[in-house]
file query-v4.pdb (PDB, C-alpha atoms)
ATOM      1  CA  MET A   1     -14.276  12.441  -4.173
ATOM      2  CA  THR A   2     -10.609  13.066  -4.742
ATOM      3  CA  GLN A   3      -9.121  10.562  -7.158
ATOM      4  CA  GLU A   4      -5.544  11.584  -6.545
ATOM      5  CA  TRP A   5      -3.488  13.899  -4.394
ATOM      6  CA  ARG A   6      -1.006  16.289  -5.950
ATOM      7  CA  ASN A   7       2.095  17.800  -4.421
ATOM      8  CA  VAL A   8       2.421  15.307  -1.584
ATOM      9  CA  THR A   9       5.387  13.761   0.183
ATOM     10  CA  VAL A  10       5.242   9.979   0.356
ATOM     11  CA  GLU A  11       7.293   7.970   2.822
ATOM     12  CA  LYS A  12       9.131   5.108   1.231
ATOM     13  CA  ALA A  13       8.747   2.395   3.853
ATOM     14  CA  ALA A  14       5.302   0.914   4.386
ATOM     15  CA  ASN A  15       3.591   0.567   7.745
ATOM     16  CA  ILE A  16       3.059  -3.160   8.272
ATOM     17  CA  TYR A  17       0.650  -4.607  10.850
ATOM     18  CA  PHE A  18      -0.826  -8.025  11.544
ATOM     19  CA  ASP A  19       1.775  -9.931   9.508
ATOM     20  CA  GLY A  20       1.092  -7.711   6.530
ATOM     21  CA  ARG A  21      -2.655  -8.273   6.475
ATOM     22  CA  VAL A  22      -3.005  -4.561   7.203
ATOM     23  CA  THR A  23      -0.503  -2.263   5.490
ATOM     24  CA  SER A  24      -0.396   1.401   4.686
ATOM     25  CA  ARG A  25       1.825   4.076   3.243
ATOM     26  CA  THR A  26       2.081   7.514   4.841
ATOM     27  CA  ALA A  27       1.746  10.689   2.786
ATOM     28  CA  TRP A  28       1.819  14.345   3.787
ATOM     29  CA  LEU A  29      -0.310  16.822   1.906
ATOM     30  CA  HIS A  30       0.916  20.274   0.973
ATOM     31  CA  ASP A  31      -0.943  21.826   3.931
ATOM     32  CA  GLY A  32       0.803  19.509   6.390
ATOM     33  CA  SER A  33      -2.084  17.079   6.800
ATOM     34  CA  LYS A  34      -1.075  13.470   7.204
ATOM     35  CA  ILE A  35      -2.917  10.656   5.468
ATOM     36  CA  THR A  36      -2.276   6.948   5.287
ATOM     37  CA  LEU A  37      -3.321   4.926   2.280
ATOM     38  CA  GLY A  38      -3.839   1.324   3.197
ATOM     39  CA  ILE A  39      -5.124  -2.132   2.485
ATOM     40  CA  MET A  40      -6.801  -4.518   4.922
ATOM     41  CA  LEU A  41      -7.124  -8.177   4.029
ATOM     42  CA  PRO A  42      -9.957 -10.328   5.377
ATOM     43  CA  GLY A  43      -9.778 -10.830   9.128
ATOM     44  CA  GLU A  44     -10.618  -9.111  12.394
ATOM     45  CA  TYR A  45      -8.419  -6.354  13.759
ATOM     46  CA  GLU A  46      -8.463  -3.812  16.567
ATOM     47  CA  PHE A  47      -6.838  -0.395  16.361
ATOM     48  CA  HIS A  48      -6.150   2.317  18.907
ATOM     49  CA  THR A  49      -6.172   5.996  18.054
ATOM     50  CA  ASN A  50      -4.027   8.866  19.259
ATOM     51  CA  SER A  51      -5.654  11.669  17.326
ATOM     52  CA  MET A  52      -9.112  11.655  15.815
ATOM     53  CA  GLU A  53      -9.179   9.455  12.725
ATOM     54  CA  VAL A  54     -11.468   9.574   9.731
ATOM     55  CA  ILE A  55     -11.426   6.348   7.752
ATOM     56  CA  ASP A  56     -12.565   6.695   4.170
ATOM     57  CA  VAL A  57     -13.219   3.284   2.638
ATOM     58  CA  ILE A  58     -12.397   3.475  -1.069
ATOM     59  CA  SER A  59     -13.507  -0.075  -1.870
ATOM     60  CA  GLY A  60     -14.214  -3.241   0.085
ATOM     61  CA  GLU A  61     -16.674  -4.960   2.366
ATOM     62  CA  MET A  62     -16.285  -4.494   6.084
ATOM     63  CA  GLU A  63     -17.928  -3.894   9.444
ATOM     64  CA  PHE A  64     -16.667  -1.639  12.195
ATOM     65  CA  LEU A  65     -17.419  -1.288  15.887
ATOM     66  CA  LEU A  66     -16.516   1.845  17.805
ATOM     67  CA  SER A  67     -15.369   1.602  21.402
ATOM     68  CA  GLY A  68     -18.284   1.693  23.818
ATOM     69  CA  GLU A  69     -20.792   0.737  21.141
ATOM     70  CA  THR A  70     -22.449  -2.618  20.610
ATOM     71  CA  LEU A  71     -23.725  -2.159  17.068
ATOM     72  CA  TRP A  72     -21.465  -3.266  14.253
ATOM     73  CA  ARG A  73     -21.969  -1.053  11.229
ATOM     74  CA  GLU A  74     -21.373  -2.156   7.686
ATOM     75  CA  ILE A  75     -19.610  -0.501   4.794
ATOM     76  CA  SER A  76     -19.991  -2.004   1.362
ATOM     77  CA  GLY A  77     -18.113  -0.250  -1.402
ATOM     78  CA  ARG A  78     -17.532   3.297  -0.249
ATOM     79  CA  GLY A  79     -18.119   4.791   3.163
ATOM     80  CA  THR A  80     -16.597   6.892   5.888
ATOM     81  CA  PHE A  81     -16.491   6.736   9.655
ATOM     82  CA  SER A  82     -14.777   8.696  12.410
ATOM     83  CA  VAL A  83     -13.080   7.525  15.552
ATOM     84  CA  PRO A  84     -12.378   9.882  18.462
ATOM     85  CA  ALA A  85      -8.861  10.491  19.751
ATOM     86  CA  HIS A  86      -7.588   8.143  22.460
ATOM     87  CA  SER A  87     -10.145   5.509  21.611
ATOM     88  CA  SER A  88     -10.264   2.241  19.729
ATOM     89  CA  PHE A  89     -12.266   0.434  17.112
ATOM     90  CA  LYS A  90     -12.608  -3.061  15.719
ATOM     91  CA  VAL A  91     -13.088  -4.085  12.129
ATOM     92  CA  LYS A  92     -14.200  -7.281  10.452
ATOM     93  CA  ILE A  93     -12.910  -7.262   6.897
ATOM     94  CA  HIS A  94     -14.947  -9.444   4.564
ATOM     95  CA  SER A  95     -13.213  -8.601   1.290
ATOM     96  CA  VAL A  96     -10.006  -6.739   0.512
ATOM     97  CA  THR A  97     -10.559  -3.183   1.711
ATOM     98  CA  ASP A  98      -8.750  -0.166   0.271
ATOM     99  CA  TYR A  99      -8.852   2.864   2.542
ATOM    100  CA  CYS A 100      -7.542   6.338   3.266
ATOM    101  CA  CYS A 101      -7.163   7.458   6.866
ATOM    102  CA  SER A 102      -6.783  11.079   7.904
ATOM    103  CA  TYR A 103      -5.888  12.419  11.319
ATOM    104  CA  GLY A 104      -7.873  15.261  12.787
ATOM    105  CA  SER A 105      -8.773  16.549   9.345
ATOM    106  CA  ALA A 106     -10.798  15.619   6.304
ATOM    107  CA  ALA A 107      -7.692  15.277   4.160
ATOM    108  CA  CYS A 108      -8.897  12.092   2.483
ATOM    109  CA  GLU A 109     -11.853  13.947   1.026
ATOM    110  CA  ASN A 110     -10.476  17.409   0.421
ATOM    111  CA  LYS A 111      -7.571  18.433  -1.738
TER     112      LYS A 111
ATOM    113  CA  MET B   1      18.591   5.574  -0.646
ATOM    114  CA  THR B   2      15.603   7.881  -0.843
ATOM    115  CA  GLN B   3      13.461   7.695   2.290
ATOM    116  CA  GLU B   4      10.615   9.727   0.861
ATOM    117  CA  TRP B   5       9.505  11.359  -2.362
ATOM    118  CA  ARG B   6       8.441  14.976  -2.440
ATOM    119  CA  ASN B   7       6.127  16.722  -4.828
ATOM    120  CA  VAL B   8       4.457  13.591  -6.154
ATOM    121  CA  THR B   9       0.945  12.812  -7.294
ATOM    122  CA  VAL B  10      -0.544   9.740  -5.635
ATOM    123  CA  GLU B  11      -3.513   7.890  -7.070
ATOM    124  CA  LYS B  12      -6.193   7.207  -4.507
ATOM    125  CA  ALA B  13      -7.291   3.707  -5.489
ATOM    126  CA  ALA B  14      -4.872   0.867  -4.857
ATOM    127  CA  ASN B  15      -3.873  -1.726  -7.436
ATOM    128  CA  ILE B  16      -5.026  -5.075  -6.064
ATOM    129  CA  TYR B  17      -3.763  -8.425  -7.351
ATOM    130  CA  PHE B  18      -3.956 -12.031  -6.159
ATOM    131  CA  ASP B  19      -6.872 -11.422  -3.768
ATOM    132  CA  GLY B  20      -4.973  -8.581  -2.155
ATOM    133  CA  ARG B  21      -1.841 -10.576  -1.429
ATOM    134  CA  VAL B  22      -0.037  -8.207  -3.797
ATOM    135  CA  THR B  23      -1.128  -4.573  -3.666
ATOM    136  CA  SER B  24       0.408  -1.312  -4.719
ATOM    137  CA  ARG B  25      -0.292   2.372  -4.968
ATOM    138  CA  THR B  26       0.757   4.379  -8.033
ATOM    139  CA  ALA B  27       2.635   7.660  -7.710
ATOM    140  CA  TRP B  28       3.975  10.054 -10.319
ATOM    141  CA  LEU B  29       7.153  11.951  -9.634
ATOM    142  CA  HIS B  30       7.623  15.573 -10.589
ATOM    143  CA  ASP B  31       9.621  14.598 -13.693
ATOM    144  CA  GLY B  32       6.781  12.371 -14.930
ATOM    145  CA  SER B  33       8.323   9.081 -13.812
ATOM    146  CA  LYS B  34       5.834   6.522 -12.562
ATOM    147  CA  ILE B  35       6.503   4.396  -9.522
ATOM    148  CA  THR B  36       4.387   1.892  -7.662
ATOM    149  CA  LEU B  37       4.815   1.320  -3.950
ATOM    150  CA  GLY B  38       3.665  -2.115  -2.975
ATOM    151  CA  ILE B  39       3.434  -4.991  -0.573
ATOM    152  CA  MET B  40       3.658  -8.689  -1.382
ATOM    153  CA  LEU B  41       2.503 -11.231   1.170
ATOM    154  CA  PRO B  42       3.992 -14.728   1.339
ATOM    155  CA  GLY B  43       3.185 -16.822  -1.726
ATOM    156  CA  GLU B  44       4.310 -17.390  -5.296
ATOM    157  CA  TYR B  45       3.349 -14.981  -8.026
ATOM    158  CA  GLU B  46       4.136 -14.386 -11.681
ATOM    159  CA  PHE B  47       4.138 -10.959 -13.309
ATOM    160  CA  HIS B  48       4.364  -9.803 -16.897
ATOM    161  CA  THR B  49       6.051  -6.565 -17.905
ATOM    162  CA  ASN B  50       5.169  -4.011 -20.552
ATOM    163  CA  SER B  51       8.032  -1.624 -20.004
ATOM    164  CA  MET B  52      11.327  -2.363 -18.320
ATOM    165  CA  GLU B  53      10.815  -2.608 -14.570
ATOM    166  CA  VAL B  54      13.268  -2.061 -11.751
ATOM    167  CA  ILE B  55      12.092  -3.596  -8.486
ATOM    168  CA  ASP B  56      13.665  -2.102  -5.393
ATOM    169  CA  VAL B  57      12.994  -4.278  -2.369
ATOM    170  CA  ILE B  58      12.752  -2.036   0.688
ATOM    171  CA  SER B  59      12.337  -4.859   3.188
ATOM    172  CA  GLY B  60      11.413  -8.535   3.072
ATOM    173  CA  GLU B  61      12.631 -11.981   2.174
ATOM    174  CA  MET B  62      12.063 -13.222  -1.339
ATOM    175  CA  GLU B  63      13.422 -15.063  -4.354
ATOM    176  CA  PHE B  64      12.928 -14.088  -7.965
ATOM    177  CA  LEU B  65      13.327 -15.903 -11.276
ATOM    178  CA  LEU B  66      13.626 -14.010 -14.534
ATOM    179  CA  SER B  67      12.088 -15.410 -17.694
ATOM    180  CA  GLY B  68      14.489 -17.729 -19.525
ATOM    181  CA  GLU B  69      16.629 -18.253 -16.456
ATOM    182  CA  THR B  70      16.761 -21.288 -14.206
ATOM    183  CA  LEU B  71      18.496 -19.797 -11.198
ATOM    184  CA  TRP B  72      16.313 -18.361  -8.438
ATOM    185  CA  ARG B  73      18.051 -15.419  -6.812
ATOM    186  CA  GLU B  74      17.450 -14.333  -3.262
ATOM    187  CA  ILE B  75      16.891 -10.930  -1.727
ATOM    188  CA  SER B  76      16.985 -10.630   2.029
ATOM    189  CA  GLY B  77      16.338  -7.168   3.391
ATOM    190  CA  ARG B  78      17.188  -4.719   0.638
ATOM    191  CA  GLY B  79      17.975  -5.435  -2.988
ATOM    192  CA  THR B  80      17.184  -4.470  -6.540
ATOM    193  CA  PHE B  81      16.590  -6.347  -9.758
ATOM    194  CA  SER B  82      15.556  -5.417 -13.280
ATOM    195  CA  VAL B  83      13.186  -7.105 -15.660
ATOM    196  CA  PRO B  84      13.224  -6.357 -19.407
ATOM    197  CA  ALA B  85      10.171  -5.033 -21.222
ATOM    198  CA  HIS B  86       7.732  -7.595 -22.604
ATOM    199  CA  SER B  87       9.028 -10.295 -20.332
ATOM    200  CA  SER B  88       7.963 -11.972 -17.118
ATOM    201  CA  PHE B  89       9.294 -12.982 -13.747
ATOM    202  CA  LYS B  90       8.276 -15.160 -10.840
ATOM    203  CA  VAL B  91       8.684 -14.435  -7.173
ATOM    204  CA  LYS B  92       8.523 -16.574  -4.063
ATOM    205  CA  ILE B  93       7.774 -14.334  -1.110
ATOM    206  CA  HIS B  94       8.951 -15.771   2.192
ATOM    207  CA  SER B  95       8.098 -12.837   4.454
ATOM    208  CA  VAL B  96       6.100  -9.664   3.875
ATOM    209  CA  THR B  97       7.956  -7.709   1.204
ATOM    210  CA  ASP B  98       7.774  -3.946   0.826
ATOM    211  CA  TYR B  99       8.891  -2.724  -2.583
ATOM    212  CA  CYS B 100       9.093   0.157  -5.004
ATOM    213  CA  CYS B 101       8.815  -0.523  -8.727
ATOM    214  CA  SER B 102       9.883   1.924 -11.395
ATOM    215  CA  TYR B 103       9.253   1.728 -15.114
ATOM    216  CA  GLY B 104      12.053   2.385 -17.547
ATOM    217  CA  SER B 105      13.804   4.623 -15.040
ATOM    218  CA  ALA B 106      15.598   4.525 -11.724
ATOM    219  CA  ALA B 107      12.896   6.571 -10.036
ATOM    220  CA  CYS B 108      12.846   4.398  -6.921
ATOM    221  CA  GLU B 109      16.452   5.312  -6.198
ATOM    222  CA  ASN B 110      16.690   8.858  -7.474
ATOM    223  CA  LYS B 111      14.717  11.856  -6.422
TER     224      LYS B 111
END
call {"tool": "encode", "arguments": {"input": "query-v4.pdb", "output": "C-alpha cells"}}
result
Amino acid sequence: MTQEWRNVTVEKAANIYFDGRVTSRTAWLHDGSKITLGIMLPGEYEFHTNSMEVIDVISGEMEFLLSGETLWREISGRGTFSVPAHSSFKVKIHSVTDYCCSYGSAACENK
Amino acid sequence: MTQEWRNVTVEKAANIYFDGRVTSRTAWLHDGSKITLGIMLPGEYEFHTNSMEVIDVISGEMEFLLSGETLWREISGRGTFSVPAHSSFKVKIHSVTDYCCSYGSAACENK
C-alpha cells in the first residue's frame, strides 16, 4: 500500500463537514486523479456521491452501509469499500478513522 | 496567500492527537521544507516544539498563549504566529480551526 504520494498538488483549505467531525484535504495526483485525505471522528454520518468513490480506510474502527443494503459491514484497521456514483452511504465511526477517498479511480492504492 | 502547493509529497497516514480533536497530515515541499496541514476542534490543547514553528491559521476562531507570556492573543479568521524552538504554547479553540504549520521556514506562505 502506498505510504505517500509524490508530485501532488494539495489544496490549502480543508473540507469541513459535520462541525469538523469529518474533515479532509484535497490532493491531485500527477495523472489528474483527485483524492481526499480525511479524518472521521466517532459518530454517524451519511454521504452522497457524485462520481464513484473508493474509500480506503488507513486506520480506525467503523461500519458502513451502502444505499439499498441492509447489512452493515465492519472495517477494523485497514479496509476498502466502493460506492457507486449518484448513491449514498452511511457510516458509524467507532474510533477515529483515517481514510483516503478516490473518485472513479484507484488513486488511493496506486501511485 | 498560497491557495495550493504543487509538487509536494504527502504522507498517507494522518497525525492524530487528543483523540482526533487535533489531526494533521504531513507534506514535504519541493525544496525539502516540511509542513503539516491540520484541523483543531474546539477545546484547549498544549503543544511542545522541537524546531521553530510558524502556525498559519487558514480559518477558525482561536486564542493562543506562548510559553512565558500571560496574554492570550486572539485569531479570528486568518492569522499567523510563531513559536520558538524547544518551547511550548497553549491554544483555546473556539470554532473549528484549519491551519498550516511550518518548521523553521515560512513554507506555509511561500511556494
call {"tool": "closest_residue", "arguments": {"input": "query-v4.pdb", "among": "B:Glu74, B:Asp31, B:Glu69, B:Asp98", "to": "chain A", "atoms": "all atoms listed in the file"}}
result
B:Asp98
call {"tool": "closest_atom_pairs", "arguments": {"input": "query-v4.pdb", "of": "chain A", "to": "chain B", "cutoff": "7 Å", "atoms": "only C-alpha atoms", "output": "tab-separated table"}}
result
residue	atom	partner	partner_atom	distance
A:Gln3	CA	B:Lys12	CA	5.2
A:Glu4	CA	B:Glu11	CA	4.2
A:Trp5	CA	B:Val10	CA	5.2
A:Arg6	CA	B:Thr9	CA	4.2
A:Asn7	CA	B:Asn7	CA	4.2
A:Val8	CA	B:Asn7	CA	5.1
A:Thr9	CA	B:Arg6	CA	4.2
A:Val10	CA	B:Trp5	CA	5.2
A:Glu11	CA	B:Glu4	CA	4.2
A:Lys12	CA	B:Glu4	CA	4.9
A:Ala13	CA	B:Ile58	CA	6.8
A:Ala14	CA	B:Asp98	CA	6.5
A:Gly20	CA	B:Val96	CA	6.0
A:Leu41	CA	B:Gly20	CA	6.6
A:Ile58	CA	B:Ala13	CA	6.8
A:Val96	CA	B:Gly20	CA	6.0
A:Asp98	CA	B:Ala14	CA	6.5
call {"tool": "residues_near_point", "arguments": {"input": "query-v4.pdb", "point": "(9.6, -5.7, -21.2)", "cutoff": "10 Å", "atoms": "all atoms listed in the file", "output": "PyMOL selection string"}}
result
chain B and resi 48-53+82-88+103-104
call {"tool": "resolve_selection", "arguments": {"input": "query-v4.pdb", "expression": "the PyMOL selection byres ((chain B and resi 76) around 7)", "output": "PDB file with C-alpha atoms, in the coordinates of the input"}}
result
ATOM      1  CA  GLY B  60      11.413  -8.535   3.072  1.00  0.00           C
ATOM      2  CA  GLU B  61      12.631 -11.981   2.174  1.00  0.00           C
ATOM      3  CA  MET B  62      12.063 -13.222  -1.339  1.00  0.00           C
ATOM      4  CA  GLU B  74      17.450 -14.333  -3.262  1.00  0.00           C
ATOM      5  CA  ILE B  75      16.891 -10.930  -1.727  1.00  0.00           C
ATOM      6  CA  GLY B  77      16.338  -7.168   3.391  1.00  0.00           C
ATOM      7  CA  ARG B  78      17.188  -4.719   0.638  1.00  0.00           C
TER       8      ARG B  78
END
call {"tool": "atom_distance", "arguments": {"input": "query-v4.pdb", "atom1": "atom CA of Lys92 of chain B", "atom2": "atom CA of Tyr45 of chain B"}}
result
6.7 Å
call {"tool": "axis_aligned_box", "arguments": {"input": "query-v4.pdb", "around": "segment 37-46 of chain B", "padding_each_side": "5 Å", "output": "AutoDock Vina command-line options"}}
result
--center_x 3.7 --center_y -8.0 --center_z -5.2 --size_x 12.3 --size_y 28.7 --size_z 23.0
call {"tool": "residues_around", "arguments": {"input": "query-v4.pdb", "residues": "Phe81 of chain B", "least_positions_apart": "4", "cutoff": "7 Å", "atoms": "only C-alpha atoms", "output": "list in words"}}
result
Val54, Ile55 and Asp56 of chain B
call {"tool": "resolve_selection", "arguments": {"input": "query-v4.pdb", "expression": "the PyMOL selection byres ((chain A and resi 46) around 6)", "output": "NGL selection string"}}
result
:A and (45 or 47 or 89-90)
call {"tool": "atom_distance", "arguments": {"input": "query-v4.pdb", "atom1": "atom CA of Phe64 of chain B", "atom2": "atom CA of Ala106 of chain B"}}
result
19.2 Å
call {"tool": "decode", "arguments": {"input": "query-v4.pdb", "residues": "segment 10-66 of chain B", "atoms": "C-alpha atoms", "output": "PDB file, in the first residue's frame"}}
result
ATOM      1  CA  VAL B  10       2.112  13.867   1.114  1.00  0.00           C
ATOM      2  CA  GLU B  11       2.336  11.191   3.776  1.00  0.00           C
ATOM      3  CA  LYS B  12      -0.621   8.852   3.755  1.00  0.00           C
ATOM      4  CA  ALA B  13      -1.194   8.339   7.474  1.00  0.00           C
ATOM      5  CA  ALA B  14      -2.533  11.265   9.464  1.00  0.00           C
ATOM      6  CA  ASN B  15      -1.024  12.542  12.698  1.00  0.00           C
ATOM      7  CA  ILE B  16      -3.702  12.102  15.356  1.00  0.00           C
ATOM      8  CA  TYR B  17      -3.629  13.859  18.730  1.00  0.00           C
ATOM      9  CA  PHE B  18      -6.114  14.396  21.558  1.00  0.00           C
ATOM     10  CA  ASP B  19      -8.454  11.582  20.465  1.00  0.00           C
ATOM     11  CA  GLY B  20      -8.605  13.041  16.983  1.00  0.00           C
ATOM     12  CA  ARG B  21      -9.617  16.522  18.069  1.00  0.00           C
ATOM     13  CA  VAL B  22      -6.313  17.711  16.605  1.00  0.00           C
ATOM     14  CA  THR B  23      -5.197  15.995  13.407  1.00  0.00           C
ATOM     15  CA  SER B  24      -2.794  16.848  10.649  1.00  0.00           C
ATOM     16  CA  ARG B  25      -1.261  15.482   7.502  1.00  0.00           C
ATOM     17  CA  THR B  26       2.446  15.950   6.748  1.00  0.00           C
ATOM     18  CA  ALA B  27       3.640  17.224   3.380  1.00  0.00           C
ATOM     19  CA  TRP B  28       7.114  17.938   2.052  1.00  0.00           C
ATOM     20  CA  LEU B  29       7.622  20.761  -0.384  1.00  0.00           C
ATOM     21  CA  HIS B  30       9.932  20.509  -3.359  1.00  0.00           C
ATOM     22  CA  ASP B  31      12.667  22.441  -1.524  1.00  0.00           C
ATOM     23  CA  GLY B  32      12.584  19.971   1.383  1.00  0.00           C
ATOM     24  CA  SER B  33      10.513  22.150   3.712  1.00  0.00           C
ATOM     25  CA  LYS B  34       8.071  20.250   5.887  1.00  0.00           C
ATOM     26  CA  ILE B  35       4.568  21.488   6.519  1.00  0.00           C
ATOM     27  CA  THR B  36       1.638  19.984   8.351  1.00  0.00           C
ATOM     28  CA  LEU B  37      -1.924  20.751   7.341  1.00  0.00           C
ATOM     29  CA  GLY B  38      -4.270  20.304  10.234  1.00  0.00           C
ATOM     30  CA  ILE B  39      -7.592  20.752  11.925  1.00  0.00           C
ATOM     31  CA  MET B  40      -8.224  21.584  15.570  1.00  0.00           C
ATOM     32  CA  LEU B  41     -11.677  21.075  17.029  1.00  0.00           C
ATOM     33  CA  PRO B  42     -12.964  23.176  19.928  1.00  0.00           C
ATOM     34  CA  GLY B  43     -11.056  22.558  23.154  1.00  0.00           C
ATOM     35  CA  GLU B  44      -7.855  23.529  24.926  1.00  0.00           C
ATOM     36  CA  TYR B  45      -4.566  21.972  23.955  1.00  0.00           C
ATOM     37  CA  GLU B  46      -0.889  22.398  24.751  1.00  0.00           C
ATOM     38  CA  PHE B  47       1.902  21.676  22.285  1.00  0.00           C
ATOM     39  CA  HIS B  48       5.656  21.454  22.625  1.00  0.00           C
ATOM     40  CA  THR B  49       8.029  22.461  19.850  1.00  0.00           C
ATOM     41  CA  ASN B  50      11.307  20.962  18.703  1.00  0.00           C
ATOM     42  CA  SER B  51      12.085  23.380  15.920  1.00  0.00           C
ATOM     43  CA  MET B  52      10.694  26.858  15.464  1.00  0.00           C
ATOM     44  CA  GLU B  53       7.099  26.647  14.273  1.00  0.00           C
ATOM     45  CA  VAL B  54       5.046  29.141  12.318  1.00  0.00           C
ATOM     46  CA  ILE B  55       1.319  28.478  12.583  1.00  0.00           C
ATOM     47  CA  ASP B  56      -0.741  29.957   9.783  1.00  0.00           C
ATOM     48  CA  VAL B  57      -4.424  29.889  10.654  1.00  0.00           C
ATOM     49  CA  ILE B  58      -6.406  29.450   7.443  1.00  0.00           C
ATOM     50  CA  SER B  59      -9.821  29.715   9.074  1.00  0.00           C
ATOM     51  CA  GLY B  60     -11.230  29.461  12.585  1.00  0.00           C
ATOM     52  CA  GLU B  61     -11.555  31.216  15.898  1.00  0.00           C
ATOM     53  CA  MET B  62      -8.883  30.651  18.494  1.00  0.00           C
ATOM     54  CA  GLU B  63      -6.642  32.117  21.169  1.00  0.00           C
ATOM     55  CA  PHE B  64      -3.029  31.218  21.783  1.00  0.00           C
ATOM     56  CA  LEU B  65      -0.633  31.718  24.686  1.00  0.00           C
ATOM     57  CA  LEU B  66       3.109  31.456  24.215  1.00  0.00           C
TER      58      LEU B  66
END
